[in-house]
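**Student:** Contents of model.txt (compact mmCIF, N, CA and C atoms) are below:
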```txt
# COMPACT_ATOMS: atom_id res chain seq x y z
N MET A 1 -7.64 -32.81 -32.16
CA MET A 1 -7.11 -32.92 -30.82
C MET A 1 -8.26 -32.75 -29.83
N SER A 2 -8.32 -33.54 -28.80
CA SER A 2 -9.41 -33.44 -27.83
C SER A 2 -9.14 -32.29 -26.86
N SER A 3 -10.20 -31.81 -26.29
CA SER A 3 -10.08 -30.70 -25.35
C SER A 3 -9.23 -31.10 -24.15
N SER A 4 -8.25 -30.30 -23.88
CA SER A 4 -7.34 -30.56 -22.77
C SER A 4 -7.80 -29.76 -21.57
N THR A 5 -8.06 -30.45 -20.46
CA THR A 5 -8.52 -29.73 -19.27
C THR A 5 -7.36 -29.08 -18.55
N GLN A 6 -6.20 -29.67 -18.65
CA GLN A 6 -5.00 -29.16 -17.98
C GLN A 6 -4.18 -28.33 -18.97
N PRO A 7 -3.92 -27.05 -18.66
CA PRO A 7 -3.10 -26.25 -19.58
C PRO A 7 -1.69 -26.85 -19.70
N ILE A 8 -1.14 -26.78 -20.90
CA ILE A 8 0.22 -27.27 -21.10
C ILE A 8 1.15 -26.09 -21.37
N ASN A 9 2.35 -26.20 -20.82
CA ASN A 9 3.38 -25.19 -21.07
C ASN A 9 4.02 -25.51 -22.41
N VAL A 10 4.30 -24.48 -23.19
CA VAL A 10 4.81 -24.70 -24.54
C VAL A 10 6.01 -23.81 -24.85
N ASN A 11 6.76 -24.23 -25.86
CA ASN A 11 7.87 -23.45 -26.41
C ASN A 11 7.46 -22.97 -27.80
N ALA A 12 7.53 -21.68 -28.02
CA ALA A 12 7.24 -21.11 -29.33
C ALA A 12 8.57 -20.88 -30.04
N VAL A 13 8.89 -21.77 -30.99
CA VAL A 13 10.13 -21.68 -31.74
C VAL A 13 9.90 -20.71 -32.89
N CYS A 14 10.65 -19.61 -32.88
CA CYS A 14 10.43 -18.51 -33.83
C CYS A 14 11.63 -18.35 -34.76
N GLU A 15 11.36 -18.38 -36.06
CA GLU A 15 12.42 -18.15 -37.05
C GLU A 15 11.97 -17.07 -38.01
N ARG A 16 12.93 -16.23 -38.42
CA ARG A 16 12.62 -15.14 -39.34
C ARG A 16 12.25 -15.71 -40.71
N SER A 17 11.22 -15.13 -41.29
CA SER A 17 10.79 -15.51 -42.63
C SER A 17 10.24 -14.24 -43.28
N GLY A 18 11.05 -13.64 -44.12
CA GLY A 18 10.67 -12.34 -44.68
C GLY A 18 10.61 -11.33 -43.57
N GLY A 19 9.53 -10.58 -43.49
CA GLY A 19 9.37 -9.59 -42.43
C GLY A 19 8.62 -10.15 -41.23
N TRP A 20 8.48 -11.45 -41.15
CA TRP A 20 7.69 -12.10 -40.11
C TRP A 20 8.52 -13.06 -39.29
N TRP A 21 7.98 -13.41 -38.12
CA TRP A 21 8.50 -14.53 -37.35
C TRP A 21 7.57 -15.71 -37.63
N ALA A 22 8.11 -16.79 -38.18
CA ALA A 22 7.35 -18.02 -38.36
C ALA A 22 7.45 -18.78 -37.05
N VAL A 23 6.32 -19.22 -36.51
CA VAL A 23 6.27 -19.80 -35.17
C VAL A 23 5.74 -21.23 -35.23
N GLU A 24 6.48 -22.11 -34.60
CA GLU A 24 6.06 -23.50 -34.47
C GLU A 24 6.07 -23.86 -33.00
N VAL A 25 5.10 -24.67 -32.58
CA VAL A 25 5.02 -25.11 -31.19
C VAL A 25 5.12 -26.64 -31.19
N PRO A 26 6.31 -27.18 -30.89
CA PRO A 26 6.51 -28.63 -30.96
C PRO A 26 5.56 -29.43 -30.05
N GLU A 27 5.16 -28.85 -28.93
CA GLU A 27 4.29 -29.57 -28.00
C GLU A 27 2.87 -29.75 -28.53
N ILE A 28 2.51 -28.97 -29.54
CA ILE A 28 1.17 -29.06 -30.12
C ILE A 28 1.32 -29.33 -31.62
N PRO A 29 1.31 -30.58 -32.02
CA PRO A 29 1.47 -30.91 -33.44
C PRO A 29 0.46 -30.14 -34.30
N GLY A 30 0.98 -29.56 -35.38
CA GLY A 30 0.11 -28.82 -36.29
C GLY A 30 -0.07 -27.36 -35.93
N LEU A 31 0.50 -26.91 -34.81
CA LEU A 31 0.35 -25.50 -34.47
C LEU A 31 1.48 -24.70 -35.10
N PHE A 32 1.10 -23.94 -36.09
CA PHE A 32 2.01 -23.02 -36.76
C PHE A 32 1.28 -21.68 -36.83
N THR A 33 2.02 -20.60 -36.60
CA THR A 33 1.44 -19.27 -36.72
C THR A 33 2.56 -18.32 -37.10
N GLN A 34 2.25 -17.06 -37.19
CA GLN A 34 3.29 -16.06 -37.49
C GLN A 34 2.97 -14.77 -36.78
N ALA A 35 4.00 -13.95 -36.62
CA ALA A 35 3.83 -12.65 -35.96
C ALA A 35 4.87 -11.70 -36.53
N ARG A 36 4.54 -10.44 -36.53
CA ARG A 36 5.49 -9.42 -36.99
C ARG A 36 6.60 -9.20 -35.96
N ARG A 37 6.21 -9.23 -34.66
CA ARG A 37 7.16 -8.96 -33.59
C ARG A 37 7.09 -10.08 -32.55
N LEU A 38 8.21 -10.27 -31.86
CA LEU A 38 8.26 -11.31 -30.82
C LEU A 38 7.27 -11.06 -29.70
N ASP A 39 6.99 -9.78 -29.39
CA ASP A 39 6.05 -9.51 -28.30
C ASP A 39 4.60 -9.88 -28.67
N GLN A 40 4.37 -10.24 -29.93
CA GLN A 40 3.04 -10.66 -30.38
C GLN A 40 2.89 -12.18 -30.42
N VAL A 41 4.00 -12.89 -30.26
CA VAL A 41 4.00 -14.34 -30.44
C VAL A 41 3.09 -15.04 -29.44
N GLU A 42 3.18 -14.68 -28.17
CA GLU A 42 2.38 -15.39 -27.16
C GLU A 42 0.89 -15.34 -27.49
N ALA A 43 0.38 -14.17 -27.84
CA ALA A 43 -1.04 -14.04 -28.16
C ALA A 43 -1.40 -14.88 -29.38
N MET A 44 -0.52 -14.89 -30.37
CA MET A 44 -0.78 -15.66 -31.58
C MET A 44 -0.81 -17.16 -31.27
N VAL A 45 0.12 -17.60 -30.42
CA VAL A 45 0.16 -19.02 -30.03
C VAL A 45 -1.11 -19.38 -29.27
N ARG A 46 -1.51 -18.53 -28.36
CA ARG A 46 -2.73 -18.81 -27.57
C ARG A 46 -3.96 -18.88 -28.49
N ASP A 47 -4.06 -17.95 -29.44
CA ASP A 47 -5.19 -17.96 -30.38
C ASP A 47 -5.19 -19.24 -31.22
N ALA A 48 -4.02 -19.60 -31.75
CA ALA A 48 -3.93 -20.80 -32.58
C ALA A 48 -4.24 -22.06 -31.77
N ALA A 49 -3.76 -22.11 -30.54
CA ALA A 49 -4.02 -23.27 -29.67
C ALA A 49 -5.51 -23.39 -29.36
N GLU A 50 -6.14 -22.25 -29.15
CA GLU A 50 -7.58 -22.25 -28.86
C GLU A 50 -8.36 -22.84 -30.04
N MET A 51 -7.94 -22.52 -31.27
CA MET A 51 -8.60 -23.08 -32.45
C MET A 51 -8.41 -24.60 -32.52
N LEU A 52 -7.32 -25.08 -31.93
CA LEU A 52 -7.07 -26.53 -31.89
C LEU A 52 -7.64 -27.15 -30.62
N ASP A 53 -8.35 -26.36 -29.83
CA ASP A 53 -9.00 -26.81 -28.60
C ASP A 53 -7.97 -27.29 -27.56
N VAL A 54 -6.86 -26.53 -27.46
CA VAL A 54 -5.80 -26.85 -26.50
C VAL A 54 -5.63 -25.67 -25.56
N GLN A 55 -5.60 -25.94 -24.26
CA GLN A 55 -5.36 -24.92 -23.25
C GLN A 55 -3.85 -24.75 -23.08
N VAL A 56 -3.37 -23.52 -23.17
CA VAL A 56 -1.94 -23.24 -23.05
C VAL A 56 -1.67 -22.56 -21.71
N GLY A 57 -0.64 -23.04 -21.00
CA GLY A 57 -0.19 -22.41 -19.76
C GLY A 57 0.86 -21.37 -20.10
N ALA A 58 2.09 -21.62 -19.67
CA ALA A 58 3.19 -20.69 -19.94
C ALA A 58 3.68 -20.87 -21.37
N VAL A 59 4.07 -19.76 -21.99
CA VAL A 59 4.63 -19.78 -23.33
C VAL A 59 6.05 -19.23 -23.26
N VAL A 60 7.02 -20.06 -23.62
CA VAL A 60 8.41 -19.62 -23.67
C VAL A 60 8.72 -19.25 -25.12
N ILE A 61 9.14 -18.01 -25.33
CA ILE A 61 9.47 -17.55 -26.67
C ILE A 61 10.93 -17.93 -26.95
N ASP A 62 11.17 -18.66 -28.03
CA ASP A 62 12.50 -19.17 -28.36
C ASP A 62 12.89 -18.69 -29.76
N PRO A 63 13.42 -17.44 -29.85
CA PRO A 63 13.82 -16.94 -31.17
C PRO A 63 15.09 -17.65 -31.65
N ARG A 64 15.07 -18.12 -32.87
CA ARG A 64 16.23 -18.78 -33.47
C ARG A 64 16.88 -17.79 -34.43
N LEU A 65 18.14 -17.50 -34.16
CA LEU A 65 18.88 -16.54 -34.97
C LEU A 65 19.99 -17.26 -35.72
N ASP A 66 20.53 -16.59 -36.75
CA ASP A 66 21.65 -17.21 -37.45
C ASP A 66 22.83 -17.29 -36.49
N GLU A 67 23.77 -18.15 -36.80
CA GLU A 67 24.87 -18.48 -35.88
C GLU A 67 25.66 -17.25 -35.44
N ASP A 68 26.02 -16.38 -36.39
CA ASP A 68 26.82 -15.20 -36.05
C ASP A 68 26.04 -14.24 -35.13
N THR A 69 24.78 -14.03 -35.44
CA THR A 69 23.96 -13.13 -34.62
C THR A 69 23.76 -13.72 -33.24
N GLN A 70 23.52 -15.03 -33.16
CA GLN A 70 23.34 -15.67 -31.86
C GLN A 70 24.60 -15.56 -31.02
N ARG A 71 25.76 -15.69 -31.66
CA ARG A 71 27.03 -15.54 -30.95
C ARG A 71 27.15 -14.13 -30.38
N MET A 72 26.73 -13.13 -31.15
CA MET A 72 26.78 -11.74 -30.66
C MET A 72 25.84 -11.57 -29.47
N VAL A 73 24.63 -12.11 -29.55
CA VAL A 73 23.66 -12.00 -28.45
C VAL A 73 24.22 -12.69 -27.21
N ASP A 74 24.79 -13.88 -27.38
CA ASP A 74 25.38 -14.60 -26.25
C ASP A 74 26.49 -13.77 -25.61
N SER A 75 27.35 -13.17 -26.43
CA SER A 75 28.44 -12.32 -25.91
C SER A 75 27.88 -11.12 -25.16
N LEU A 76 26.81 -10.55 -25.67
CA LEU A 76 26.17 -9.42 -24.99
C LEU A 76 25.74 -9.81 -23.59
N PHE A 77 25.09 -10.97 -23.44
CA PHE A 77 24.64 -11.41 -22.12
C PHE A 77 25.82 -11.67 -21.19
N VAL A 78 26.90 -12.25 -21.71
CA VAL A 78 28.09 -12.50 -20.90
C VAL A 78 28.68 -11.18 -20.41
N LYS A 79 28.81 -10.21 -21.31
CA LYS A 79 29.39 -8.91 -20.95
C LYS A 79 28.50 -8.17 -19.95
N ARG A 80 27.18 -8.26 -20.12
CA ARG A 80 26.28 -7.62 -19.16
C ARG A 80 26.45 -8.22 -17.77
N GLU A 81 26.58 -9.54 -17.70
CA GLU A 81 26.75 -10.20 -16.40
C GLU A 81 28.09 -9.81 -15.79
N GLU A 82 29.14 -9.75 -16.61
CA GLU A 82 30.46 -9.33 -16.11
C GLU A 82 30.38 -7.89 -15.58
N ALA A 83 29.67 -7.02 -16.30
CA ALA A 83 29.53 -5.63 -15.86
C ALA A 83 28.75 -5.54 -14.56
N ARG A 84 27.70 -6.35 -14.42
CA ARG A 84 26.91 -6.35 -13.18
C ARG A 84 27.78 -6.78 -12.01
N LYS A 85 28.59 -7.83 -12.20
CA LYS A 85 29.48 -8.30 -11.13
C LYS A 85 30.52 -7.24 -10.79
N ALA A 86 31.08 -6.60 -11.82
CA ALA A 86 32.08 -5.55 -11.58
C ALA A 86 31.45 -4.38 -10.82
N GLN A 87 30.21 -4.04 -11.16
CA GLN A 87 29.52 -2.95 -10.46
C GLN A 87 29.28 -3.32 -9.00
N ASP A 88 28.89 -4.56 -8.74
CA ASP A 88 28.70 -5.02 -7.36
C ASP A 88 30.01 -4.91 -6.57
N GLU A 89 31.12 -5.35 -7.19
CA GLU A 89 32.42 -5.28 -6.52
C GLU A 89 32.82 -3.82 -6.27
N ALA A 90 32.57 -2.95 -7.26
CA ALA A 90 32.91 -1.53 -7.11
C ALA A 90 32.09 -0.90 -5.98
N SER A 91 30.82 -1.28 -5.88
CA SER A 91 29.97 -0.73 -4.81
C SER A 91 30.47 -1.16 -3.44
N LYS A 92 30.85 -2.44 -3.31
CA LYS A 92 31.38 -2.92 -2.03
C LYS A 92 32.68 -2.21 -1.68
N LEU A 93 33.55 -2.06 -2.69
CA LEU A 93 34.83 -1.38 -2.48
C LEU A 93 34.61 0.08 -2.10
N ALA A 94 33.65 0.73 -2.73
CA ALA A 94 33.36 2.14 -2.41
C ALA A 94 32.93 2.27 -0.96
N ARG A 95 32.04 1.37 -0.51
CA ARG A 95 31.58 1.43 0.89
C ARG A 95 32.74 1.22 1.87
N SER A 96 33.58 0.22 1.59
CA SER A 96 34.68 -0.04 2.52
C SER A 96 35.73 1.07 2.46
N THR A 97 35.94 1.66 1.29
CA THR A 97 36.89 2.77 1.17
C THR A 97 36.40 3.99 1.94
N VAL A 98 35.12 4.31 1.79
CA VAL A 98 34.55 5.43 2.53
C VAL A 98 34.68 5.18 4.02
N ALA A 99 34.35 3.98 4.46
CA ALA A 99 34.44 3.66 5.90
C ALA A 99 35.88 3.81 6.39
N ALA A 100 36.84 3.31 5.62
CA ALA A 100 38.25 3.39 6.03
C ALA A 100 38.71 4.85 6.11
N LEU A 101 38.34 5.65 5.11
CA LEU A 101 38.76 7.05 5.11
C LEU A 101 38.11 7.83 6.25
N ARG A 102 36.85 7.54 6.52
CA ARG A 102 36.17 8.22 7.63
C ARG A 102 36.79 7.79 8.96
N ASP A 103 37.16 6.49 9.07
CA ASP A 103 37.81 5.99 10.29
C ASP A 103 39.16 6.67 10.51
N GLU A 104 39.80 7.09 9.41
CA GLU A 104 41.07 7.81 9.53
C GLU A 104 40.86 9.27 9.91
N GLY A 105 39.59 9.67 10.01
CA GLY A 105 39.31 11.03 10.45
C GLY A 105 39.05 12.02 9.34
N LEU A 106 38.99 11.58 8.09
CA LEU A 106 38.70 12.51 7.01
C LEU A 106 37.25 12.96 7.10
N THR A 107 37.03 14.23 6.73
CA THR A 107 35.66 14.73 6.69
C THR A 107 34.94 14.16 5.48
N VAL A 108 33.63 14.30 5.48
CA VAL A 108 32.84 13.83 4.34
C VAL A 108 33.30 14.52 3.06
N ARG A 109 33.56 15.83 3.15
CA ARG A 109 34.01 16.58 1.96
C ARG A 109 35.39 16.10 1.49
N ASP A 110 36.29 15.79 2.43
CA ASP A 110 37.61 15.28 2.04
C ASP A 110 37.48 13.90 1.39
N VAL A 111 36.64 13.05 1.94
CA VAL A 111 36.41 11.72 1.35
C VAL A 111 35.85 11.88 -0.06
N ALA A 112 34.95 12.83 -0.22
CA ALA A 112 34.37 13.08 -1.54
C ALA A 112 35.47 13.49 -2.54
N MET A 113 36.35 14.37 -2.12
CA MET A 113 37.45 14.81 -3.00
C MET A 113 38.38 13.65 -3.35
N VAL A 114 38.71 12.83 -2.35
CA VAL A 114 39.64 11.72 -2.57
C VAL A 114 39.04 10.65 -3.49
N THR A 115 37.75 10.38 -3.32
CA THR A 115 37.13 9.29 -4.07
C THR A 115 36.44 9.73 -5.36
N GLY A 116 36.32 11.05 -5.56
CA GLY A 116 35.73 11.54 -6.80
C GLY A 116 34.22 11.41 -6.88
N VAL A 117 33.57 11.45 -5.71
CA VAL A 117 32.10 11.42 -5.69
C VAL A 117 31.61 12.62 -4.91
N SER A 118 30.32 12.85 -4.93
CA SER A 118 29.75 13.99 -4.21
C SER A 118 29.71 13.70 -2.69
N PRO A 119 29.69 14.76 -1.88
CA PRO A 119 29.54 14.55 -0.44
C PRO A 119 28.24 13.79 -0.10
N GLN A 120 27.20 14.04 -0.88
CA GLN A 120 25.93 13.32 -0.66
C GLN A 120 26.12 11.82 -0.90
N ARG A 121 26.90 11.48 -1.93
CA ARG A 121 27.14 10.06 -2.21
C ARG A 121 27.99 9.43 -1.11
N VAL A 122 28.94 10.18 -0.59
CA VAL A 122 29.76 9.68 0.54
C VAL A 122 28.84 9.36 1.71
N SER A 123 27.92 10.28 2.01
CA SER A 123 26.98 10.07 3.12
C SER A 123 26.11 8.85 2.87
N ALA A 124 25.67 8.68 1.63
CA ALA A 124 24.84 7.51 1.30
C ALA A 124 25.63 6.22 1.43
N LEU A 125 26.89 6.24 0.98
CA LEU A 125 27.74 5.04 1.09
C LEU A 125 28.04 4.72 2.55
N GLN A 126 28.22 5.77 3.33
CA GLN A 126 28.52 5.59 4.76
C GLN A 126 27.32 4.96 5.46
N GLY A 127 26.11 5.31 5.03
CA GLY A 127 24.91 4.78 5.66
C GLY A 127 24.51 3.41 5.12
N ALA A 128 25.13 2.98 4.02
CA ALA A 128 24.74 1.69 3.39
C ALA A 128 25.28 0.50 4.14
```
In structure tokens, how does this file's structure come out?

**Tutor:**
Amino acid sequence: MSSSTQPINVNAVCERSGGWWAVEVPEIPGLFTQARRLDQVEAMVRDAAEMLDVQVGAVVIDPRLDEDTQRMVDSLFVKREEARKAQDEASKLARSTVAALRDEGLTVRDVAMVTGVSPQRVSALQGA
């Protein structure tokens, strides 16, 4: 392969093989390497590409898992996103609830008792 002056962005396709990740880079024919851990893949790809006289830009790590495990990982990401959205909604509701209770004349301590948070948290929500 001739020396590339422009770095190319690549995908490191990683599959488990024994105790290793076997790594292939489709954008660079003939580039195969391995790593014990995914956090080592980028350096291994860069080293292997250098031996092939190819400049590498960004490296996207693409671990390939068996179907059942991938389904679990996908579900994990969905649940995390749902939890993040629910937390955002709860935070907005907490602020509006504190504001409504304070507007009704409740003290910070009373709002804390009603909402089950500390007086300090009530004050923080009121200032948010």

**Student:** What is the atom C of A:Pro119-atom N of A:Leu101 distance in Å, reported with one decimal?

**Tutor:** 14.0 Å

**Student:** From a DSSP pass on the backbone, collect the residues of stretch 34-126 of chain A flagged as strand (DSSP E) and hand them back as a list in words.

**Tutor:**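 Of stretch 34-126 of chain A, the ones in strand (DSSP E) are Gln34, Ala35, Val56, Gly57, Ala58, Val59, Val60, Ile61, Asp62, Pro63 and Arg64 of chain A.
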
**Student:** Any idea what's packed within 8 Å of stretch 19-29 of chain A, counting all atoms listed in the file, ignoring anything in its chain fewer than 3 positions away? Could you give it as a ChimeraX atom specification?

**Tutor:** /A:9-16,32-38,41,45,49

**Student:** Would you work out the distance separating atom CA of A:Leu125 from atom N of A:Val78, expressed in Å to one decimal?

**Tutor:** 28.6 Å

**Student:** Rank nothing, just name the residue among A:Thr115, A:Ala83, A:Ser17, A:Gly57 nearest to A:Ala100, using only C-alpha atoms.

**Tutor:**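 Smallest separation from A:Ala100 among the options: A:Thr115.
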